[in-house]
Amino acid sequence: MYNSTKRSAIKLLYFMTRLTFLIAIVTLTFSGVILASDVKSQSLKDVKVSLGAKPNTLRELFRALEEKSGFSFTYAQEIGDMSGIHIEDSTYTLYDILKSISIQKHLRFIQENFLIAVIAVPIPQQPGRISGKIIDDRGEILPGASIKIIETGQFIQASVDGTYQFSIKPGTYTLEVSYISFQTKRITEVIVKEGKMTPLDVIIQPAANALQQVIVTGSFKKESIAGLYAQQQNRIALSDGISAEQIGATPDKHLGETLKRITGVSTTDNRKVVVRGIAERYNVSVLNGSTLPSTNVQERDFEFNLIPTSLVENVVVAKSITADMPYGFAGGLVQITTKSVPNQNFLSISAGTSFNSQTTGRDFMGYGRGKYDYLGFDDGGRDHFPEGLVDLGGYDPRISDAQNKFKAAQVAEQNKRIGGTERLGTRIYQAMPSQHYQFSLGRTYALDTSDRSKIGFVGSVSYRNTQSNDNIASMRRGDWSRQPVKADDLTDINTGNIYGFNTTLGVLLNGGFKSANHQVDTYNLYTRIFDNRFSRITGWSDENPKNDLEQKFPGTSEDDRPKFTDLLQNKLSGAHRFGSLKLEWSMARTALQSFEKDAVAAALNAREIVNKAPLYFYQPNSSSDPGFGVVHRDQYVYNEKNYDAVVTGSYNFRIGTTAHTFKTGINYLKKDATYHWGILPISVGTNSTIPFAQIPIQEWGNYMTMQGKDSNIFYFPASYSLNSFAAKSTSKGGFVMMDHKVFSKLRIVYGLRADYFKLDTVKNSASLLTDKNSRLTFEEKKDWYFLPSANITYSPVKELNLRASYAKSAVRPGLMENSRFSRFDPSYGSQVKSSGVSSTIIDNYDVKVELFPGAGELLSAGYFYKYFDKPAEFYRLDRENNGRGYINITNSDWAKVKGWEFELRKSLGFVSDKVPFMANVFLSGNLTLQQSTVRARELQSKTLPDKTDSLYYTYSKYPRALYGQVPLLYNVGIQYAGKKLGLNFTFNHAGYKTFITAIDPNFVEYERPRSQFDAQISYKFFKGKMETKLNMSNLLDAPFRHFVNDHTTYEQKPGTEGGLDLEWHDKYAYKYGFSEKFEEGYIDTKTNRRVGDRQTSTRYVGRTFSLSFTYNF
Amino acid sequence: MKINHKHYIITMIAVLFLGSCKKEGEFLTRPIKAIRPFNMTGYAIGDALELYFDDVKIRDYYGKISLGTVSPQLAFENDVTIMQLRKKSTGEVVYEQKFNIADAKNEVPKFYFNGTSIAKSYTYPKPQGKDYLVNFYFDGPKDLGPVDVQMEVLEYYYDNNNNLVVVNITGFPIATEIAIGKWSEYFKIQPPPVMLPTQPGTDFYPLITLKSSKTKKYLLSGDVVENALQIELPDQWTSSGKTQSIHIQTKIADNKALYFELNDLVQVFP
């Protein structure tokens, strides 16, 4: 066809269209005029319509409306076919109906007199995003790298942390990544879906010749897998971690639940972290690079529940050491990084509740609560420690004022100031389901059009209240009777409960600025925890076991510990890049206050009278008892402030095709701690006539006027019970480190750290009368240590890594670890005290083979060996030979720990390509086998000829296990992560754990193997906006069971009678059928006594089912 | 109002939060208003008695009832407390007494429970002349069957090591086929007969023992001495008669061995 003919045809068509249109308009106008005679108004708001039968399609609706309103509708066929319309069954105006339909079906109505044209409104497309990191072949991030979308010409530069992000219309694109002296890379087939993020980490290779332009092209699939490989393979140190994406695929609500998903990591009560079977004392937790102070004063633990997973960027547990790590460890360094500038805006609200099979809806015991306990604050009811309490040492309530050191009126006045005992005495409450709420917000703002510079923040406010009831099925630890008097008497048991009431409030606010070469972030975390643990154990003591006379009924011990903890961490950090030079810095202040308010210990005596079998009543201490007695109310205030600063600089350079980095830096950490304790024994004169069996403890305050034998209950503080501890420590250090990547297959990282530590105790008082003259041994040999480290990684093929590393590390003592303070700990059934702790120097050796069969898949095997010089341990000593002893923390001579570690992470996609969901099923498992030996030592003293005291150690011949050792640890899990449904089943097993160690095996306490099975189900509703998670934990109701190898299970070797200086192994041997492991044994029918291991504690925590809802706006 | 999922969430949060607001708890140990002295003695046979105070079971009694190791005290949580004795097998209240906090003395009159009802005392016949009367109530395992009671006179001497050597045992039946779980008729016990030694240096000693009517064997393991019952025997010089009502209970010792516990109700109710 000629062009002129074409033009004529188009003109004709155009003319016809216009003509048709005009005719149509004229026709419609005239029709309207004709039809208008029947209708009063053309205004849709005035036309009322009552619909009869509900229409199924729009066509039926429009027909009904045409009949009832006189208006005509014109619409396309597909609009008429639309179904699923909702019209309320009542009379509406035509305007209301059309408005409702317009919202429901995205339609627009154009009225021309009585004709209404219906047209579909196109739904605007939401943009999608491409986001990721640009890294080099060593896994180093490349800030400033250029990323361009070929199709649109959009261009941005990677931020200082190597990240980039495009917001773009859905479609398929090609990305081009370029950077000076690197090969330019094009990635094709990058599919962007509406409203979705396409993650793409790109790895680019250095160019052999900087002047030559080389463009390498790869597909999206290939590149994204390569990016993942690069991250896994290029970690310098041996580490395992979990990223925000992986956490997102789990139903975990807080970090306590997430940590145990990491290879070789297990947690106790979501607080103490055990890495590679090595106890929490040798592991360090850092939040955004700064250490977390322990929320428990005498032990190292941290409430990981405080950190919601939605704010976590990643968690990496480093298991080998590089010189740039400022904190020494032996098991692992748990590095938690929270988000600062989010990739996208978010707003989410989460609420949840949980039920525990042995807590919820049952009786829940405790002392008097405050009005604001559910909010985490005290209402003043626990304020019983006024300023200026006077030590009443030497006061005797039986003698007259003239003869006494203090006047009765003075004591009465102090009693009044301290206040009454109304809060004391056990109450029964009803346990409520646990509840938690969380509000999280993240915003990001671009500062320029290319999206290179941006600022943003993330914030979260969370609330959690948890109530727990641990059922102690058996307690034979500490002063409790160690076995029944008659083995077949099933009533001769010691049982109880630990009631936990916990309210946690958390506020997190992080923010930052990011540009191509600079990044400055601030991290702020405030948490308040109100944790009230109330232990109540009923039974017979070892000193007064059950009998049919005065010990027919058991007594009860109560211990109430309401603790308010505030933790505030503020941190400012920055990263700056100047060409090949990168400078990073941070400074942080962390303040912790742990305030145990009105902690009470009390005991109930049992006496059988005619109508009470038994009658339980509290009895104060006798004023002649020099100790705290059994009834006392206490206050413990711990304040710790940490200031830390770190500056590091690194310089990247290349020699030929090899890449190198030189890194150096300094760090400083100052800690200040004070600990004040006030212990107020509640005593009574020995001549008292107060009938205690009739006076409830909550009314004792009415008998404190000190005016005679019938009012002589009083608070009896002694000098050692109102005292304090203060200490400060300084750690500083510097390092140099080299990182060489040679021939693209070999990477060598080595360095040297100089580490300084000094601890000064400013005030160090004893808290027990018996310890007033004791001294601590603090043997810090030197202040500075030089700690070399080296890591070698060889990758003969892309899928394989061979790693070897060596590092020397120093684990420093905690401030309170050198305190003379000691306190009864119900978990151990005895006092815990220190004999002085100094630094432990550890030589760490690791080898590991890693195989990456596919993206996100891993198969690895590793061996580790560690030599601890002067390891600090918790161990039981019994110097007073009372069979109970106390828990002592101090250094042993040396320890050797060796072990194997295996990990498997595999997708089941290989089973069958025809079953697509199998690719979303992951099987994971890890296994740690570990063995440790310790040479124990004991401090002795002797008097020299010049009559001076000399200290020396005696060493054990026979090695024993390291405190906290878990020789076998494995996790097996299967996970399905679909678009809507998520399932996760995990089975965790920990073998025999050395709970408390001792030189004498009769005092070593083990935890029996425990297996926990958990399951989680999650489902997404409302197009993924709402997520419901059902967590079921401890489905097997596995108890925590501890035991001691009882003396009935071993016998003395012949010929060793009277032997001096013999160790246990020289003198004793296990009887036939008994070993170090748990053996229940048998009942000797002659003596009616058990021959078998003593089950020191059996505790059930119940099954927990928690349900949570999260809504993302 | 149209309810959507947001409203569900808000409602759920509100229910949870408000539901947790119960703060006050009840005291576990209730306050005692007063503790007063108390006394109770008696005897129960045939069925155990359950002691209740204010509908709370305190303990069981069988045999001799005394406070023993129990402190003789009564705790008042209220001004009045009601004591009941209930028959264990049926729960039937056989005795009730009200105690008031204002009373200085709280005492249950001595009683005898025969398995069915409470009486003020156990009744027994007075002996005629020098008669030694005895009846038995044997409480033992049902499968033991009836028992025989006999006097056994031991001819014995002590050897050089002061060990008892029994040379001869001569038995004299007192009662046969005594059924388990009921009072027997009264039997007369005669003084042990005068016997001649079978060898020089021996002496005689009479004992009352219990044997199975079926097997004619001692009920307890061990020899005759270990199977002896502490029952008073007349002798030829006895000047007055005596009545004994012996309640024999078999009990198990700590070492799982059976032993007899005897109570003479005549002494409990003199």
# chains A, B, ... in the order shown; residues from 1 in each chain; ligands from 1
>>> residues_around(residues="A:Phe653", least_positions_apart="5", cutoff="12 Å", atoms="only C-alpha atoms", output="number ranges by chain")
A: 181, 206, 579-582, 658-663, 738-741
>>> interface_residues(of="chain A", to="chain B", cutoff="9 Å", atoms="only C-alpha atoms", output="PyMOL selection string")
chain A and resi 351-353+365-371+373-374+425-435+437+486+548-550+607-617+693-696+1085-1088+1109+1111
>>> select_by_dssp(residues="stretch 703-787 of chain A", states="strand (DSSP E or B)", output="ChimeraX atom specification")
/A:713-715,722-742,746-764,784-787
>>> write_last_selection(atoms="C-alpha atoms", output="compact mmCIF listing (two decimals), in the first residue's frame")
# COMPACT_ATOMS: atom_id res chain seq x y z
CA ILE A 713 12.05 -8.35 117.34
CA PHE A 714 14.66 -6.16 115.66
CA TYR A 715 16.77 -5.70 112.55
CA LEU A 722 26.29 -3.15 105.52
CA ASN A 723 29.24 -2.88 103.22
CA SER A 724 30.50 -2.39 99.72
CA PHE A 725 32.91 -3.25 96.97
CA ALA A 726 34.38 -0.88 94.42
CA ALA A 727 36.73 -1.65 91.58
CA LYS A 728 37.90 -0.33 88.28
CA SER A 729 39.67 -1.90 85.40
CA THR A 730 41.36 -0.61 82.34
CA SER A 731 41.93 -2.55 79.17
CA LYS A 732 43.77 -1.12 76.26
CA GLY A 733 45.50 -2.50 73.30
CA GLY A 734 46.80 -2.05 69.83
CA PHE A 735 47.30 -4.33 66.90
CA VAL A 736 48.85 -4.68 63.48
CA MET A 737 47.50 -7.16 61.02
CA MET A 738 48.24 -8.19 57.45
CA ASP A 739 45.85 -9.84 55.07
CA HIS A 740 47.31 -11.32 51.90
CA LYS A 741 45.31 -12.88 49.10
CA VAL A 742 47.77 -14.74 46.95
CA LEU A 746 45.35 -18.74 49.24
CA ARG A 747 44.64 -16.23 51.90
CA ILE A 748 46.92 -15.56 54.85
CA VAL A 749 45.95 -13.28 57.68
CA TYR A 750 48.29 -12.72 60.60
CA GLY A 751 48.80 -10.13 63.23
CA LEU A 752 49.98 -9.21 66.67
CA ARG A 753 47.95 -7.67 69.42
CA ALA A 754 49.39 -5.96 72.48
CA ASP A 755 46.88 -6.21 75.27
CA TYR A 756 46.99 -4.38 78.59
CA PHE A 757 44.77 -5.05 81.57
CA LYS A 758 44.79 -3.68 85.06
CA LEU A 759 42.26 -4.22 87.77
CA ASP A 760 42.20 -2.23 90.98
CA THR A 761 39.92 -2.96 93.85
CA VAL A 762 39.22 0.34 95.54
CA LYS A 763 37.23 -1.19 98.36
CA ASN A 764 36.85 -4.88 98.99
CA TRP A 784 50.85 -6.38 79.03
CA TYR A 785 50.52 -9.48 76.90
CA PHE A 786 51.51 -9.88 73.26
CA LEU A 787 49.05 -12.06 71.47
>>> residues_around(residues="A:Asp869", least_positions_apart="4", cutoff="9 Å", atoms="only C-alpha atoms", output="PyMOL selection string")
chain A and resi 839-843+891-896
>>> residues_around(residues="B:Asp79", least_positions_apart="6", cutoff="8 Å", atoms="only C-alpha atoms", output="number ranges by chain")
B: 33, 100-102
>>> residues_around(residues="stretch 165-174 of chain B", least_positions_apart="3", cutoff="9 Å", atoms="only C-alpha atoms", output="PDB file with N, CA and C atoms, in the first residue's frame")
ATOM      1  N   ASP B 148      -3.941 -69.682 118.109  1.00  0.00           N
ATOM      2  CA  ASP B 148      -4.038 -70.347 119.405  1.00  0.00           C
ATOM      3  C   ASP B 148      -3.141 -69.628 120.407  1.00  0.00           C
ATOM      4  N   VAL B 149      -3.606 -69.550 121.651  1.00  0.00           N
ATOM      5  CA  VAL B 149      -2.790 -68.941 122.707  1.00  0.00           C
ATOM      6  C   VAL B 149      -2.474 -70.048 123.710  1.00  0.00           C
ATOM      7  N   GLN B 150      -1.239 -70.156 124.059  1.00  0.00           N
ATOM      8  CA  GLN B 150      -0.886 -71.174 125.039  1.00  0.00           C
ATOM      9  C   GLN B 150       0.207 -70.659 125.988  1.00  0.00           C
ATOM     10  N   MET B 151       0.245 -71.318 127.148  1.00  0.00           N
ATOM     11  CA  MET B 151       1.337 -71.043 128.072  1.00  0.00           C
ATOM     12  C   MET B 151       2.422 -72.073 127.765  1.00  0.00           C
ATOM     13  N   GLU B 152       3.663 -71.632 127.695  1.00  0.00           N
ATOM     14  CA  GLU B 152       4.763 -72.568 127.450  1.00  0.00           C
ATOM     15  C   GLU B 152       5.786 -72.357 128.561  1.00  0.00           C
ATOM     16  N   VAL B 153       6.100 -73.457 129.210  1.00  0.00           N
ATOM     17  CA  VAL B 153       7.052 -73.368 130.319  1.00  0.00           C
ATOM     18  C   VAL B 153       8.414 -73.847 129.811  1.00  0.00           C
ATOM     19  N   LEU B 154       9.368 -72.954 129.949  1.00  0.00           N
ATOM     20  CA  LEU B 154      10.723 -73.247 129.459  1.00  0.00           C
ATOM     21  C   LEU B 154      11.570 -73.800 130.611  1.00  0.00           C
ATOM     22  N   GLU B 155      12.247 -74.872 130.350  1.00  0.00           N
ATOM     23  CA  GLU B 155      13.275 -75.354 131.270  1.00  0.00           C
ATOM     24  C   GLU B 155      14.599 -74.920 130.661  1.00  0.00           C
ATOM     25  N   TYR B 156      15.394 -74.159 131.437  1.00  0.00           N
ATOM     26  CA  TYR B 156      16.573 -73.525 130.817  1.00  0.00           C
ATOM     27  C   TYR B 156      17.714 -73.406 131.803  1.00  0.00           C
ATOM     28  N   TYR B 157      18.863 -73.073 131.244  1.00  0.00           N
ATOM     29  CA  TYR B 157      20.000 -72.673 132.078  1.00  0.00           C
ATOM     30  C   TYR B 157      20.876 -71.734 131.256  1.00  0.00           C
ATOM     31  N   TYR B 158      21.789 -71.027 131.922  1.00  0.00           N
ATOM     32  CA  TYR B 158      22.742 -70.152 131.225  1.00  0.00           C
ATOM     33  C   TYR B 158      24.090 -70.837 131.150  1.00  0.00           C
ATOM     34  N   ASP B 159      24.697 -70.904 130.001  1.00  0.00           N
ATOM     35  CA  ASP B 159      26.003 -71.547 129.873  1.00  0.00           C
ATOM     36  C   ASP B 159      27.102 -70.589 130.350  1.00  0.00           C
ATOM     37  N   PHE B 187     -11.058 -66.155 129.030  1.00  0.00           N
ATOM     38  CA  PHE B 187     -10.463 -67.433 129.437  1.00  0.00           C
ATOM     39  C   PHE B 187      -9.817 -67.249 130.806  1.00  0.00           C
ATOM     40  N   LYS B 188      -9.803 -68.313 131.539  1.00  0.00           N
ATOM     41  CA  LYS B 188      -9.108 -68.279 132.832  1.00  0.00           C
ATOM     42  C   LYS B 188      -7.688 -68.773 132.629  1.00  0.00           C
ATOM     43  N   ILE B 189      -6.749 -68.078 133.202  1.00  0.00           N
ATOM     44  CA  ILE B 189      -5.358 -68.544 133.134  1.00  0.00           C
ATOM     45  C   ILE B 189      -5.008 -69.144 134.494  1.00  0.00           C
ATOM     46  N   GLN B 190      -4.505 -70.355 134.397  1.00  0.00           N
ATOM     47  CA  GLN B 190      -4.081 -71.030 135.625  1.00  0.00           C
ATOM     48  C   GLN B 190      -2.607 -70.733 135.874  1.00  0.00           C
ATOM     49  N   PRO B 192       1.219 -71.505 136.350  1.00  0.00           N
ATOM     50  CA  PRO B 192       1.984 -72.596 135.748  1.00  0.00           C
ATOM     51  C   PRO B 192       2.182 -73.729 136.766  1.00  0.00           C
ATOM     52  N   THR B 198      14.560 -81.751 134.499  1.00  0.00           N
ATOM     53  CA  THR B 198      15.002 -82.979 133.830  1.00  0.00           C
ATOM     54  C   THR B 198      16.500 -83.143 133.959  1.00  0.00           C
ATOM     55  N   GLN B 199      17.200 -82.087 134.357  1.00  0.00           N
ATOM     56  CA  GLN B 199      18.640 -82.189 134.578  1.00  0.00           C
ATOM     57  C   GLN B 199      19.039 -81.195 135.638  1.00  0.00           C
ATOM     58  N   THR B 202      18.942 -76.564 136.084  1.00  0.00           N
ATOM     59  CA  THR B 202      18.009 -75.836 135.212  1.00  0.00           C
ATOM     60  C   THR B 202      16.951 -75.131 136.034  1.00  0.00           C
ATOM     61  N   ILE B 208       3.604 -66.781 127.560  1.00  0.00           N
ATOM     62  CA  ILE B 208       2.402 -66.939 126.754  1.00  0.00           C
ATOM     63  C   ILE B 208       2.798 -66.707 125.302  1.00  0.00           C
TER      64      ILE B 208
END
>>> atom_distance(atom1="atom CA of A:Gly701", atom2="atom CA of A:Gly381")
14.1 Å
